[in-house]
file upload-v7.cif (mmCIF, C-alpha atoms)
data_target
#
loop_
_atom_site.label_atom_id
_atom_site.label_comp_id
_atom_site.auth_asym_id
_atom_site.auth_seq_id
_atom_site.Cartn_x
_atom_site.Cartn_y
_atom_site.Cartn_z
CA MET Z 1 45.49 166.11 109.30
CA LYS Z 2 45.30 163.11 111.61
CA SER Z 3 41.72 163.85 112.65
CA LEU Z 4 40.75 164.12 108.99
CA THR Z 5 42.49 160.88 108.04
CA ASN Z 6 40.94 159.10 111.01
CA ARG Z 7 37.52 160.32 109.98
CA ILE Z 8 37.81 159.01 106.41
CA GLY Z 9 39.83 155.96 107.40
CA LEU Z 10 42.88 156.42 105.15
CA PRO Z 11 46.58 156.37 106.14
CA PRO Z 12 48.26 159.81 106.52
CA LYS Z 13 50.90 158.87 103.94
CA LEU Z 14 48.17 158.73 101.30
CA MET Z 15 46.93 162.20 102.19
CA MET Z 16 50.38 163.66 101.50
CA GLY Z 17 50.41 161.82 98.20
CA TYR Z 18 46.98 163.13 97.26
CA ALA Z 19 48.08 166.71 97.97
CA GLY Z 20 51.22 166.33 95.87
CA LEU Z 21 49.23 164.72 93.07
CA VAL Z 22 46.91 167.74 92.77
CA VAL Z 23 49.82 170.17 92.40
CA PHE Z 24 51.80 167.91 90.05
CA MET Z 25 48.85 167.31 87.71
CA MET Z 26 48.09 171.02 87.64
CA GLY Z 27 51.47 171.55 86.00
CA GLU Z 28 51.14 168.51 83.76
CA GLY Z 29 47.84 169.49 82.21
CA LEU Z 30 47.67 173.26 82.05
CA GLU Z 31 48.17 173.28 78.25
CA GLN Z 32 45.49 170.72 77.39
CA GLY Z 33 42.70 173.14 76.59
CA TRP Z 34 44.69 175.47 74.34
CA LEU Z 35 47.83 173.82 72.94
CA SER Z 36 46.12 172.35 69.85
CA PRO Z 37 44.60 175.64 68.59
CA PHE Z 38 47.91 177.38 69.41
CA LEU Z 39 49.79 174.90 67.22
CA ILE Z 40 47.21 175.11 64.43
CA SER Z 41 47.40 178.90 64.45
CA GLY Z 42 51.16 178.51 64.04
CA GLY Z 43 50.82 176.46 60.87
CA LEU Z 44 50.06 172.85 61.83
CA SER Z 45 47.01 171.14 60.37
CA ILE Z 46 44.41 169.62 62.65
CA GLN Z 47 45.59 166.16 61.54
CA GLN Z 48 49.20 167.02 62.47
CA SER Z 49 48.07 168.29 65.85
CA ALA Z 50 46.08 165.07 66.34
CA LEU Z 51 49.20 163.06 65.42
CA LEU Z 52 51.26 164.89 68.04
CA PHE Z 53 48.70 164.19 70.75
CA SER Z 54 48.26 160.59 69.59
CA VAL Z 55 51.97 159.80 69.90
CA TYR Z 56 51.93 161.52 73.27
CA GLY Z 57 49.09 159.17 74.20
CA ILE Z 58 51.05 156.10 73.09
CA ALA Z 59 53.96 157.14 75.30
CA ALA Z 60 51.58 157.76 78.20
CA ALA Z 61 49.94 154.37 77.65
CA LEU Z 62 53.29 152.56 77.73
CA ALA Z 63 54.33 154.33 80.93
CA ALA Z 64 50.91 153.75 82.49
CA TRP Z 65 51.20 150.02 81.80
CA LEU Z 66 54.72 149.88 83.21
CA SER Z 67 53.76 151.76 86.36
CA GLY Z 68 51.88 148.86 87.93
CA VAL Z 69 54.49 146.13 87.61
CA LEU Z 70 57.42 148.51 88.16
CA SER Z 71 55.84 149.73 91.39
CA GLU Z 72 55.62 146.15 92.62
CA MET Z 73 59.24 145.46 91.68
CA PHE Z 74 60.93 148.67 92.80
CA GLY Z 75 58.42 150.44 95.05
CA ALA Z 76 55.97 153.19 94.12
CA GLN Z 77 58.09 156.09 95.36
CA ARG Z 78 61.11 155.19 93.23
CA VAL Z 79 58.97 154.89 90.11
CA MET Z 80 57.26 158.20 90.93
CA THR Z 81 60.64 159.90 91.25
CA ALA Z 82 61.76 158.52 87.89
CA GLY Z 83 58.55 159.82 86.34
CA VAL Z 84 59.16 163.35 87.61
CA ILE Z 85 62.70 163.42 86.21
CA ILE Z 86 61.60 162.14 82.79
CA PHE Z 87 58.73 164.63 82.67
CA ILE Z 88 61.03 167.56 83.42
CA ILE Z 89 63.57 166.50 80.78
CA GLY Z 90 60.84 166.11 78.14
CA SER Z 91 59.26 169.45 79.05
CA VAL Z 92 62.53 171.38 78.85
CA PHE Z 93 63.37 170.04 75.39
CA PHE Z 94 59.81 170.38 74.08
CA ILE Z 95 59.49 174.00 75.15
CA SER Z 96 63.03 175.15 74.33
CA VAL Z 97 63.65 173.17 71.14
CA GLY Z 98 60.48 171.46 69.87
CA LEU Z 99 57.99 174.34 69.90
CA PRO Z 100 60.33 177.03 68.53
CA SER Z 101 61.33 174.74 65.65
CA HIS Z 102 57.68 174.01 64.78
CA ASN Z 103 59.08 170.83 63.29
CA LEU Z 104 57.04 167.70 63.97
CA PHE Z 105 60.14 165.50 63.86
CA VAL Z 106 61.44 167.43 66.87
CA MET Z 107 58.13 168.14 68.60
CA ILE Z 108 56.82 164.57 68.60
CA PRO Z 109 59.68 162.84 70.48
CA THR Z 110 60.11 165.65 73.01
CA TYR Z 111 56.38 165.89 73.75
CA ALA Z 112 56.19 162.09 73.92
CA LEU Z 113 58.95 162.06 76.53
CA ARG Z 114 56.85 164.45 78.59
CA GLY Z 115 53.90 162.09 78.14
CA PHE Z 116 55.98 159.13 79.28
CA GLY Z 117 56.91 160.79 82.56
CA TYR Z 118 53.62 161.82 84.13
CA PRO Z 119 51.93 158.37 84.26
CA LEU Z 120 54.92 156.91 86.08
CA PHE Z 121 54.27 159.48 88.79
CA ALA Z 122 50.46 159.45 88.87
CA TYR Z 123 49.60 155.81 88.25
CA SER Z 124 52.35 154.48 90.48
CA PHE Z 125 50.68 156.46 93.23
CA LEU Z 126 47.38 154.77 92.29
CA VAL Z 127 49.07 151.39 92.82
CA TRP Z 128 50.25 152.70 96.18
CA VAL Z 129 46.64 153.58 97.01
CA ALA Z 130 45.47 150.09 96.02
CA TYR Z 131 47.85 148.52 98.52
CA GLU Z 132 47.66 151.00 101.39
CA ALA Z 133 43.95 151.82 101.58
CA PRO Z 134 41.82 149.60 103.85
CA THR Z 135 39.74 147.15 101.83
CA GLU Z 136 36.44 148.57 103.04
CA LYS Z 137 37.52 152.09 102.01
CA LEU Z 138 39.01 151.23 98.64
CA GLY Z 139 36.15 152.55 96.49
CA SER Z 140 36.33 155.85 98.36
CA ALA Z 141 40.14 155.91 98.20
CA VAL Z 142 40.24 155.63 94.41
CA GLY Z 143 37.47 158.20 94.19
CA ILE Z 144 39.71 160.61 96.07
CA PHE Z 145 42.60 159.71 93.73
CA TRP Z 146 40.59 160.62 90.64
CA PHE Z 147 39.25 163.70 92.41
CA CYS Z 148 42.83 164.92 92.90
CA TYR Z 149 44.02 163.72 89.50
CA SER Z 150 41.25 165.42 87.54
CA GLY Z 151 41.17 168.45 89.82
CA GLY Z 152 44.80 169.24 89.10
CA LEU Z 153 44.93 168.09 85.47
CA ASN Z 154 41.73 169.48 84.07
CA VAL Z 155 40.32 172.06 86.49
CA LEU Z 156 43.08 173.97 88.25
CA GLY Z 157 45.38 173.66 85.24
CA ALA Z 158 42.74 175.05 82.87
CA LEU Z 159 41.76 177.83 85.27
CA TYR Z 160 45.39 178.80 85.80
CA SER Z 161 45.90 178.91 82.03
CA SER Z 162 42.87 181.15 81.53
CA ILE Z 163 44.42 183.61 84.01
CA ALA Z 164 48.08 183.27 83.02
CA LEU Z 165 47.84 183.26 79.21
CA PRO Z 166 46.85 186.95 78.79
CA TYR Z 167 49.79 188.02 80.97
CA LEU Z 168 52.50 185.44 80.32
CA GLY Z 169 51.71 184.22 76.83
CA GLU Z 170 51.85 180.60 75.73
CA MET Z 171 55.57 179.91 76.10
CA LYS Z 172 56.03 181.39 79.57
CA THR Z 173 52.85 179.69 80.75
CA LEU Z 174 54.34 176.35 79.66
CA TRP Z 175 57.58 177.10 81.53
CA SER Z 176 55.62 177.95 84.67
CA ALA Z 177 54.17 174.43 84.63
CA LEU Z 178 57.50 173.07 85.85
CA VAL Z 179 57.09 174.97 89.12
CA PHE Z 180 53.90 173.04 89.92
CA VAL Z 181 55.48 169.75 88.87
CA VAL Z 182 58.49 170.18 91.14
CA VAL Z 183 56.44 171.38 94.12
CA GLY Z 184 53.92 168.56 93.74
CA ALA Z 185 56.68 165.96 93.56
CA MET Z 186 58.31 167.34 96.70
CA ILE Z 187 55.05 167.09 98.63
CA ALA Z 188 54.16 163.59 97.46
CA ILE Z 189 57.62 162.00 97.59
CA PHE Z 190 60.29 163.98 99.40
CA LEU Z 191 58.21 165.53 102.20
CA ASN Z 192 56.35 162.28 102.80
CA ARG Z 193 58.52 160.61 105.42
CA GLU Z 194 56.52 157.41 105.53
CA LYS Z 195 57.80 154.87 103.03
CA VAL Z 196 55.67 152.36 101.20
CA ALA Z 197 57.20 148.94 100.98
CA LYS Z 198 57.30 146.89 97.82
CA LYS Z 199 54.32 144.59 98.07
CA GLY Z 200 54.58 142.56 94.93
CA THR Z 201 55.70 139.01 94.54
CA GLY Z 202 59.28 139.76 95.47
CA GLU Z 203 60.46 138.39 92.12
CA ARG Z 204 63.47 139.82 90.38
CA PRO Z 205 62.52 142.22 87.59
CA THR Z 206 62.58 139.73 84.71
CA MET Z 207 60.93 140.20 81.32
CA ALA Z 208 58.52 137.35 82.08
CA TYR Z 209 57.27 139.12 85.20
CA LEU Z 210 57.10 142.44 83.39
CA LEU Z 211 54.94 140.85 80.70
CA LYS Z 212 52.52 139.73 83.42
CA GLY Z 213 51.09 143.21 83.08
CA ILE Z 214 49.89 142.18 79.59
CA THR Z 215 49.35 138.43 79.78
CA ILE Z 216 46.95 138.77 82.69
CA ALA Z 217 44.46 140.37 80.28
CA PHE Z 218 44.35 137.09 78.36
CA GLU Z 219 44.54 134.81 81.37
CA LYS Z 220 41.60 136.69 82.88
CA PRO Z 221 39.51 138.05 79.97
CA LYS Z 222 37.35 140.14 82.30
CA ILE Z 223 40.44 142.19 83.12
CA GLY Z 224 41.09 142.64 79.41
CA MET Z 225 37.53 143.87 78.88
CA GLY Z 226 37.91 146.22 81.83
CA GLY Z 227 41.03 147.64 80.20
CA ILE Z 228 39.08 148.31 76.99
CA VAL Z 229 36.34 150.05 78.94
CA ARG Z 230 38.92 152.23 80.70
CA THR Z 231 40.45 153.12 77.32
CA ILE Z 232 37.08 154.37 76.10
CA ASN Z 233 36.33 156.20 79.38
CA THR Z 234 38.15 159.51 78.83
CA SER Z 235 38.88 159.12 75.11
CA ALA Z 236 36.32 161.73 74.04
CA ALA Z 237 37.51 164.19 76.68
CA TYR Z 238 41.06 164.00 75.27
CA GLY Z 239 39.77 164.09 71.73
CA PHE Z 240 37.69 167.19 72.46
CA THR Z 241 40.83 169.23 73.16
CA VAL Z 242 42.03 168.66 69.59
CA PHE Z 243 38.97 169.82 67.63
CA MET Z 244 36.24 171.22 69.89
CA PRO Z 245 37.98 174.55 70.67
CA LEU Z 246 37.86 175.35 66.94
CA PHE Z 247 34.21 174.29 66.72
CA PHE Z 248 33.27 176.39 69.76
CA MET Z 249 35.10 179.47 68.47
CA GLU Z 250 33.39 179.12 65.10
CA ILE Z 251 30.05 179.24 66.90
CA GLY Z 252 31.05 182.43 68.73
CA PHE Z 253 32.72 181.42 71.99
CA THR Z 254 36.06 183.00 72.92
CA ARG Z 255 39.13 180.95 73.88
CA GLY Z 256 38.67 182.05 77.49
CA GLU Z 257 35.05 180.88 77.48
CA TRP Z 258 36.07 177.51 76.02
CA LEU Z 259 38.65 177.08 78.79
CA GLN Z 260 36.03 177.91 81.39
CA ILE Z 261 33.58 175.41 79.86
CA TYR Z 262 36.32 172.78 79.81
CA ALA Z 263 37.18 173.59 83.43
CA CYS Z 264 33.48 173.29 84.35
CA LEU Z 265 33.38 169.83 82.77
CA TRP Z 266 36.20 168.65 84.99
CA SER Z 267 35.09 170.60 88.06
CA VAL Z 268 31.83 168.66 88.09
CA ASN Z 269 33.80 165.50 87.28
CA ILE Z 270 35.99 165.71 90.37
CA ILE Z 271 32.98 166.18 92.62
CA PHE Z 272 31.31 163.12 91.13
CA ASN Z 273 34.55 161.15 91.34
CA LEU Z 274 34.06 161.30 95.08
CA LEU Z 275 30.31 160.73 94.93
CA PHE Z 276 30.45 157.75 92.58
CA GLY Z 277 33.35 156.29 94.55
CA VAL Z 278 31.19 156.21 97.67
CA ILE Z 279 27.84 155.51 96.00
CA SER Z 280 29.17 152.60 93.96
CA ASP Z 281 30.35 150.88 97.15
CA ARG Z 282 26.67 150.57 97.97
CA LEU Z 283 24.84 150.42 94.64
CA GLY Z 284 27.32 148.18 92.83
CA TRP Z 285 30.40 148.88 90.77
CA ARG Z 286 29.45 147.23 87.48
CA ASN Z 287 26.01 148.79 87.08
CA THR Z 288 27.40 152.21 87.97
CA VAL Z 289 29.94 151.99 85.15
CA MET Z 290 27.47 150.49 82.68
CA TRP Z 291 24.53 152.86 83.04
CA PHE Z 292 25.83 156.11 84.48
CA GLY Z 293 29.19 155.83 82.72
CA GLY Z 294 28.67 154.23 79.31
CA MET Z 295 25.14 155.26 78.47
CA GLY Z 296 25.39 158.60 80.25
CA CYS Z 297 28.56 159.61 78.39
CA ALA Z 298 27.06 158.52 75.06
CA THR Z 299 24.07 160.80 75.65
CA PHE Z 300 25.97 163.88 76.73
CA THR Z 301 28.71 163.49 74.12
CA VAL Z 302 26.03 163.99 71.48
CA LEU Z 303 24.44 166.86 73.38
CA PHE Z 304 27.82 168.57 73.86
CA TYR Z 305 27.84 169.08 70.09
CA TYR Z 306 24.17 169.65 69.26
CA VAL Z 307 23.17 171.96 72.12
CA PRO Z 308 25.67 174.74 71.28
CA LEU Z 309 25.08 174.13 67.56
CA TRP Z 310 21.35 174.78 68.00
CA SER Z 311 21.47 177.42 70.73
CA GLY Z 312 24.54 179.34 69.57
CA ALA Z 313 27.12 180.68 72.01
CA ASN Z 314 24.86 180.09 75.01
CA PHE Z 315 27.47 179.98 77.75
CA LEU Z 316 25.34 178.80 80.69
CA LEU Z 317 23.50 176.10 78.77
CA THR Z 318 26.73 174.75 77.31
CA MET Z 319 28.31 174.77 80.77
CA LEU Z 320 25.38 172.69 82.01
CA ILE Z 321 25.87 170.05 79.30
CA ALA Z 322 29.63 170.02 79.89
CA GLY Z 323 29.03 169.46 83.59
CA CYS Z 324 26.65 166.56 82.91
CA PHE Z 325 29.23 164.94 80.64
CA GLY Z 326 31.89 165.38 83.33
CA ALA Z 327 29.62 163.76 85.92
CA CYS Z 328 29.08 160.72 83.69
CA LEU Z 329 32.83 160.37 83.09
CA ALA Z 330 33.20 159.96 86.84
CA ALA Z 331 30.89 156.95 86.84
CA TYR Z 332 33.81 154.89 85.47
CA VAL Z 333 35.68 155.36 88.77
CA PRO Z 334 34.57 151.93 90.11
CA LEU Z 335 36.78 150.31 87.46
CA SER Z 336 39.68 151.10 89.78
CA ALA Z 337 37.91 148.95 92.36
CA ILE Z 338 36.85 146.20 89.98
CA MET Z 339 40.21 145.42 88.38
CA PRO Z 340 42.24 144.40 91.47
CA THR Z 341 39.24 142.48 92.77
CA LEU Z 342 39.38 140.30 89.67
CA ALA Z 343 43.01 139.37 90.40
CA PRO Z 344 43.69 139.73 94.14
CA GLU Z 345 46.88 137.67 93.83
CA ASN Z 346 48.25 140.01 91.13
CA LYS Z 347 46.94 143.46 91.96
CA GLY Z 348 49.90 145.23 90.40
CA ALA Z 349 49.46 143.44 87.08
CA ALA Z 350 45.71 144.10 87.11
CA MET Z 351 46.35 147.77 87.85
CA SER Z 352 48.81 147.82 84.95
CA ILE Z 353 45.97 146.90 82.60
CA LEU Z 354 43.80 149.60 84.15
CA ASN Z 355 46.62 152.12 83.85
CA LEU Z 356 47.33 150.99 80.29
CA GLY Z 357 43.71 151.71 79.45
CA ALA Z 358 43.98 155.15 81.04
CA GLY Z 359 47.09 155.87 78.98
CA LEU Z 360 45.60 154.48 75.76
CA SER Z 361 42.65 156.80 76.34
CA THR Z 362 44.97 159.76 75.70
CA PHE Z 363 45.93 158.08 72.41
CA LEU Z 364 42.49 156.89 71.30
CA GLY Z 365 40.80 160.28 71.59
CA PRO Z 366 43.18 162.24 69.33
CA ALA Z 367 43.55 159.21 67.02
CA VAL Z 368 39.79 159.09 66.42
CA VAL Z 369 39.88 162.79 65.56
CA GLY Z 370 42.84 162.39 63.21
CA ILE Z 371 41.28 159.42 61.41
CA PHE Z 372 37.69 160.64 61.02
CA ILE Z 373 37.73 164.46 61.08
CA GLY Z 374 38.66 164.71 57.40
CA SER Z 375 36.00 162.32 56.09
CA LEU Z 376 33.20 162.62 58.65
CA GLY Z 377 33.71 166.12 59.98
CA THR Z 378 33.04 167.28 63.52
CA VAL Z 379 29.59 165.72 63.78
CA GLY Z 380 30.89 162.36 62.56
CA VAL Z 381 33.64 162.31 65.19
CA ILE Z 382 31.05 163.05 67.87
CA TRP Z 383 28.95 160.05 66.84
CA VAL Z 384 32.02 157.79 66.75
CA PHE Z 385 32.75 158.71 70.37
CA ALA Z 386 29.10 158.16 71.32
CA GLY Z 387 29.22 154.70 69.72
CA LEU Z 388 32.35 153.82 71.68
CA TYR Z 389 30.60 154.70 74.94
CA VAL Z 390 27.65 152.45 74.09
CA PHE Z 391 30.14 149.67 73.32
CA SER Z 392 31.79 150.15 76.73
CA ALA Z 393 28.40 149.75 78.43
CA PHE Z 394 27.87 146.52 76.48
CA LEU Z 395 31.25 145.15 77.56
CA MET Z 396 30.48 145.79 81.22
CA LYS Z 397 27.68 143.21 81.09
CA PHE Z 398 30.41 140.57 80.97
CA VAL Z 399 32.66 142.03 83.67
CA THR Z 400 31.03 140.19 86.56
CA LEU Z 401 32.60 140.05 89.99
CA PRO Z 402 32.82 137.19 92.49
CA LYS Z 403 30.22 136.83 95.23
CA ASN Z 404 27.75 139.16 93.48
CA GLN Z 405 29.91 142.19 94.21
CA ASP Z 406 28.62 143.72 91.00
CA LEU Z 407 25.13 143.96 92.49
CA VAL Z 408 25.35 145.56 95.92
CA VAL Z 409 28.79 145.78 97.44
CA PRO Z 410 28.95 145.56 101.23
CA ALA Z 411 31.48 147.54 103.16
CA GLY Z 412 34.58 145.56 102.47
CA SER Z 413 35.09 145.95 98.73
CA VAL Z 414 38.15 146.69 96.74
CA ASP Z 415 39.76 149.02 94.24
#
call {"tool": "encode", "arguments": {"input": "upload-v7.cif", "output": "structure tokens"}}
result
Amino acid sequence: MKSLTNRIGLPPKLMMGYAGLVVFMMGEGLEQGWLSPFLISGGLSIQQSALLFSVYGIAAALAAWLSGVLSEMFGAQRVMTAGVIIFIIGSVFFISVGLPSHNLFVMIPTYALRGFGYPLFAYSFLVWVAYEAPTEKLGSAVGIFWFCYSGGLNVLGALYSSIALPYLGEMKTLWSALVFVVVGAMIAIFLNREKVAKKGTGERPTMAYLLKGITIAFEKPKIGMGGIVRTINTSAAYGFTVFMPLFFMEIGFTRGEWLQIYACLWSVNIIFNLLFGVISDRLGWRNTVMWFGGMGCATFTVLFYYVPLWSGANFLLTMLIAGCFGACLAAYVPLSAIMPTLAPENKGAAMSILNLGAGLSTFLGPAVVGIFIGSLGTVGVIWVFAGLYVFSAFLMKFVTLPKNQDLVVPAGSVD
């Protein structure tokens, strides 16, 4: 472990955190690719399913925003521990009470509680990374974070579900998620003997300081624009899980094939999280996000619909398009380097805006589906997402960095 950490230049404490993050996120996200069609088959409408995921996204956005400033005030490990506890409580009540009742008034608050817990764990660790990683390795460090985050959430979780569902069924598969969550938390928090100190301002946790995680977006408009871009980043990916499984199965794909396509999307994504993290340190953060991220995602969002529509249930071709979309999603990784650079005196607050955008992404995607699927249909929703990606590329033209860091970033740049 030490030789590996020495080679990549990151502290050993972060490597333990990365390992725990993979396992935790595997449990958090194993239902993403199949929960919506499962609920719809049980009687919910697609709009009701979208509402459930949207409220979940709002809870995740709130927790993601809080994670940055709370980590500065109380320390990342304490906030991560609180997130695990909240996630477990929400999961137990959602699975044991919410799902069996099939009552939205019970399902929404219990699923939202689950959504509130995981960002406190994951994004507090991202704040930890922002403080502990050497400045010259920060782009690579956040690339590794998103590699682990996406690898657990969207790849290993989806693959595990495709294997477990035929044997365990939906309910037992959901219960098994708690095993991964507990094990991941133990690795990242309880087995990691090195403690990270609070590195914020040292202020008492007052409401004024807490609100710094919002007001900084207005004090520094570039940070606000970066938060909007991050919100758009994975919005389509979260929206896809609500309506694309139904579209794919209408074309002729099976649920297992959809899960494998979805896993392929994120498998390619995690590889490019690492690649774009390193490449952007040399080619420039802003242009990477603008062209590879915004314009690339717009292109492959459209193709993700039209290619299977025209070619039918062509598994390999659809996998290829899914992989290209996943690669372009990874080009937004440099945002995690840009945001703290824009506010070096308030990294935690800047990261709160970034994390808020990541959380709002889980709300925006399902919300777009719920609002437009009835009037515009599947194809209309696809074009709305494509338009949002073009808009994010436009916004990045204004997110300039000091000392021309947006052009070519020398070794010595930041997350």
call {"tool": "closest_residue", "arguments": {"input": "upload-v7.cif", "among": "Z:Phe247, Z:Phe125, Z:Phe53, Z:Phe325", "to": "Z:Met107", "atoms": "all atoms listed in the file"}}
result
Z:Phe53
call {"tool": "residues_near_point", "arguments": {"input": "upload-v7.cif", "point": "(54.8, 169.1, 99.2)", "cutoff": "12 Å", "atoms": "only C-alpha atoms", "output": "list in words"}}
result
Lys13, Met15, Met16, Gly17, Tyr18, Ala19, Gly20, Leu21, Val22, Val23, Phe24, Val179, Phe180, Val181, Val182, Val183, Gly184, Ala185, Met186, Ile187, Ala188, Ile189, Phe190, Leu191, Asn192 and Arg193 of chain Z
call {"tool": "atom_distance", "arguments": {"input": "upload-v7.cif", "atom1": "atom CA of Z:Thr288", "atom2": "atom CA of Z:Tyr306"}}
result
25.8 Å
call {"tool": "residues_near_point", "arguments": {"input": "upload-v7.cif", "point": "(48.2, 145.5, 94.4)", "cutoff": "12 Å", "atoms": "only C-alpha atoms", "output": "CSV table (one decimal) with C-alpha atoms, in the frame of the given file"}}
result
chain,number,residue,atom,x,y,z
Z,67,SER,CA,53.8,151.8,86.4
Z,68,GLY,CA,51.9,148.9,87.9
Z,69,VAL,CA,54.5,146.1,87.6
Z,70,LEU,CA,57.4,148.5,88.2
Z,71,SER,CA,55.8,149.7,91.4
Z,72,GLU,CA,55.6,146.2,92.6
Z,73,MET,CA,59.2,145.5,91.7
Z,75,GLY,CA,58.4,150.4,95.0
Z,76,ALA,CA,56.0,153.2,94.1
Z,124,SER,CA,52.4,154.5,90.5
Z,125,PHE,CA,50.7,156.5,93.2
Z,126,LEU,CA,47.4,154.8,92.3
Z,127,VAL,CA,49.1,151.4,92.8
Z,128,TRP,CA,50.2,152.7,96.2
Z,129,VAL,CA,46.6,153.6,97.0
Z,130,ALA,CA,45.5,150.1,96.0
Z,131,TYR,CA,47.8,148.5,98.5
Z,132,GLU,CA,47.7,151.0,101.4
Z,133,ALA,CA,44.0,151.8,101.6
Z,135,THR,CA,39.7,147.2,101.8
Z,138,LEU,CA,39.0,151.2,98.6
Z,197,ALA,CA,57.2,148.9,101.0
Z,198,LYS,CA,57.3,146.9,97.8
Z,199,LYS,CA,54.3,144.6,98.1
Z,200,GLY,CA,54.6,142.6,94.9
Z,201,THR,CA,55.7,139.0,94.5
Z,213,GLY,CA,51.1,143.2,83.1
Z,336,SER,CA,39.7,151.1,89.8
Z,337,ALA,CA,37.9,149.0,92.4
Z,339,MET,CA,40.2,145.4,88.4
Z,340,PRO,CA,42.2,144.4,91.5
Z,341,THR,CA,39.2,142.5,92.8
Z,342,LEU,CA,39.4,140.3,89.7
Z,343,ALA,CA,43.0,139.4,90.4
Z,344,PRO,CA,43.7,139.7,94.1
Z,345,GLU,CA,46.9,137.7,93.8
Z,346,ASN,CA,48.2,140.0,91.1
Z,347,LYS,CA,46.9,143.5,92.0
Z,348,GLY,CA,49.9,145.2,90.4
Z,349,ALA,CA,49.5,143.4,87.1
Z,350,ALA,CA,45.7,144.1,87.1
Z,351,MET,CA,46.4,147.8,87.8
Z,352,SER,CA,48.8,147.8,85.0
Z,354,LEU,CA,43.8,149.6,84.2
Z,414,VAL,CA,38.2,146.7,96.7
Z,415,ASP,CA,39.8,149.0,94.2
call {"tool": "atom_distance", "arguments": {"input": "upload-v7.cif", "atom1": "atom CA of Z:Tyr332", "atom2": "atom CA of Z:Asn287"}}
result
10.0 Å
call {"tool": "resolve_selection", "arguments": {"input": "upload-v7.cif", "expression": "the PyMOL selection byres ((chain Z and resi 80) around 8)", "output": "PyMOL selection string"}}
result
chain Z and resi 76-79+81-84+120-122+124-125+189
call {"tool": "write_last_selection", "arguments": {"input": "upload-v7.cif", "atoms": "C-alpha atoms", "output": "PDB file, in the coordinates of the input"}}
result
ATOM      1  CA  ALA Z  76      55.970 153.190  94.120  1.00  0.00           C
ATOM      2  CA  GLN Z  77      58.090 156.090  95.360  1.00  0.00           C
ATOM      3  CA  ARG Z  78      61.110 155.190  93.230  1.00  0.00           C
ATOM      4  CA  VAL Z  79      58.970 154.890  90.110  1.00  0.00           C
ATOM      5  CA  THR Z  81      60.640 159.900  91.250  1.00  0.00           C
ATOM      6  CA  ALA Z  82      61.760 158.520  87.890  1.00  0.00           C
ATOM      7  CA  GLY Z  83      58.550 159.820  86.340  1.00  0.00           C
ATOM      8  CA  VAL Z  84      59.160 163.350  87.610  1.00  0.00           C
ATOM      9  CA  LEU Z 120      54.920 156.910  86.080  1.00  0.00           C
ATOM     10  CA  PHE Z 121      54.270 159.480  88.790  1.00  0.00           C
ATOM     11  CA  ALA Z 122      50.460 159.450  88.870  1.00  0.00           C
ATOM     12  CA  SER Z 124      52.350 154.480  90.480  1.00  0.00           C
ATOM     13  CA  PHE Z 125      50.680 156.460  93.230  1.00  0.00           C
ATOM     14  CA  ILE Z 189      57.620 162.000  97.590  1.00  0.00           C
TER      15      ILE Z 189
END
call {"tool": "resolve_selection", "arguments": {"input": "upload-v7.cif", "expression": "the PyMOL selection byres ((chain Z and resi 151-167) around 10)", "output": "ChimeraX atom specification"}}
result
/Z:19-34,145-150,168-174,176-177,180,255-271,273
call {"tool": "atom_distance", "arguments": {"input": "upload-v7.cif", "atom1": "atom CA of Z:Thr318", "atom2": "atom CA of Z:Val142"}}
result
29.0 Å
call {"tool": "residues_around", "arguments": {"input": "upload-v7.cif", "residues": "stretch 392-398 of chain Z", "least_positions_apart": "4", "cutoff": "7 Å", "atoms": "all atoms listed in the file", "output": "list in words"}}
result
Met225, Val229, Ile232, Arg286, Met290, Trp291, Gly294, Met295 and Leu388 of chain Z
call {"tool": "closest_residue", "arguments": {"input": "upload-v7.cif", "among": "Z:Leu51, Z:Lys222, Z:Ala327, Z:Ile58", "to": "Z:Leu275", "atoms": "only C-alpha atoms"}}
result
Z:Ala327
call {"tool": "closest_atom_pairs", "arguments": {"input": "upload-v7.cif", "of": "stretch 253-309 of chain Z", "to": "stretch 371-380 of chain Z", "cutoff": "12 Å", "atoms": "only C-alpha atoms", "output": "Markdown table"}}
result
| residue | atom | partner | partner_atom | distance |
| --- | --- | --- | --- | --- |
| Z:Thr301 | CA | Z:Val379 | CA | 10.6 |
| Z:Val302 | CA | Z:Val379 | CA | 8.7 |
| Z:Leu303 | CA | Z:Val379 | CA | 11.0 |
| Z:Phe304 | CA | Z:Val379 | CA | 10.6 |
| Z:Tyr305 | CA | Z:Val379 | CA | 7.4 |
| Z:Tyr306 | CA | Z:Val379 | CA | 8.7 |
| Z:Leu309 | CA | Z:Val379 | CA | 10.3 |
call {"tool": "closest_residue", "arguments": {"input": "upload-v7.cif", "among": "Z:Leu14, Z:Ile353, Z:Thr254, Z:Trp285", "to": "Z:Lys212", "atoms": "all atoms listed in the file"}}
result
Z:Ile353
call {"tool": "resolve_selection", "arguments": {"input": "upload-v7.cif", "expression": "the PyMOL selection byres ((chain Z and resi 47) around 10)", "output": "list in words"}}
result
Ile40, Leu44, Ser45, Ile46, Gln48, Ser49, Ala50, Leu51, Leu52, Phe53, Val242, Phe243, Pro366, Ala367, Val369, Gly370, Ile371, Phe372, Ile373 and Gly374 of chain Z
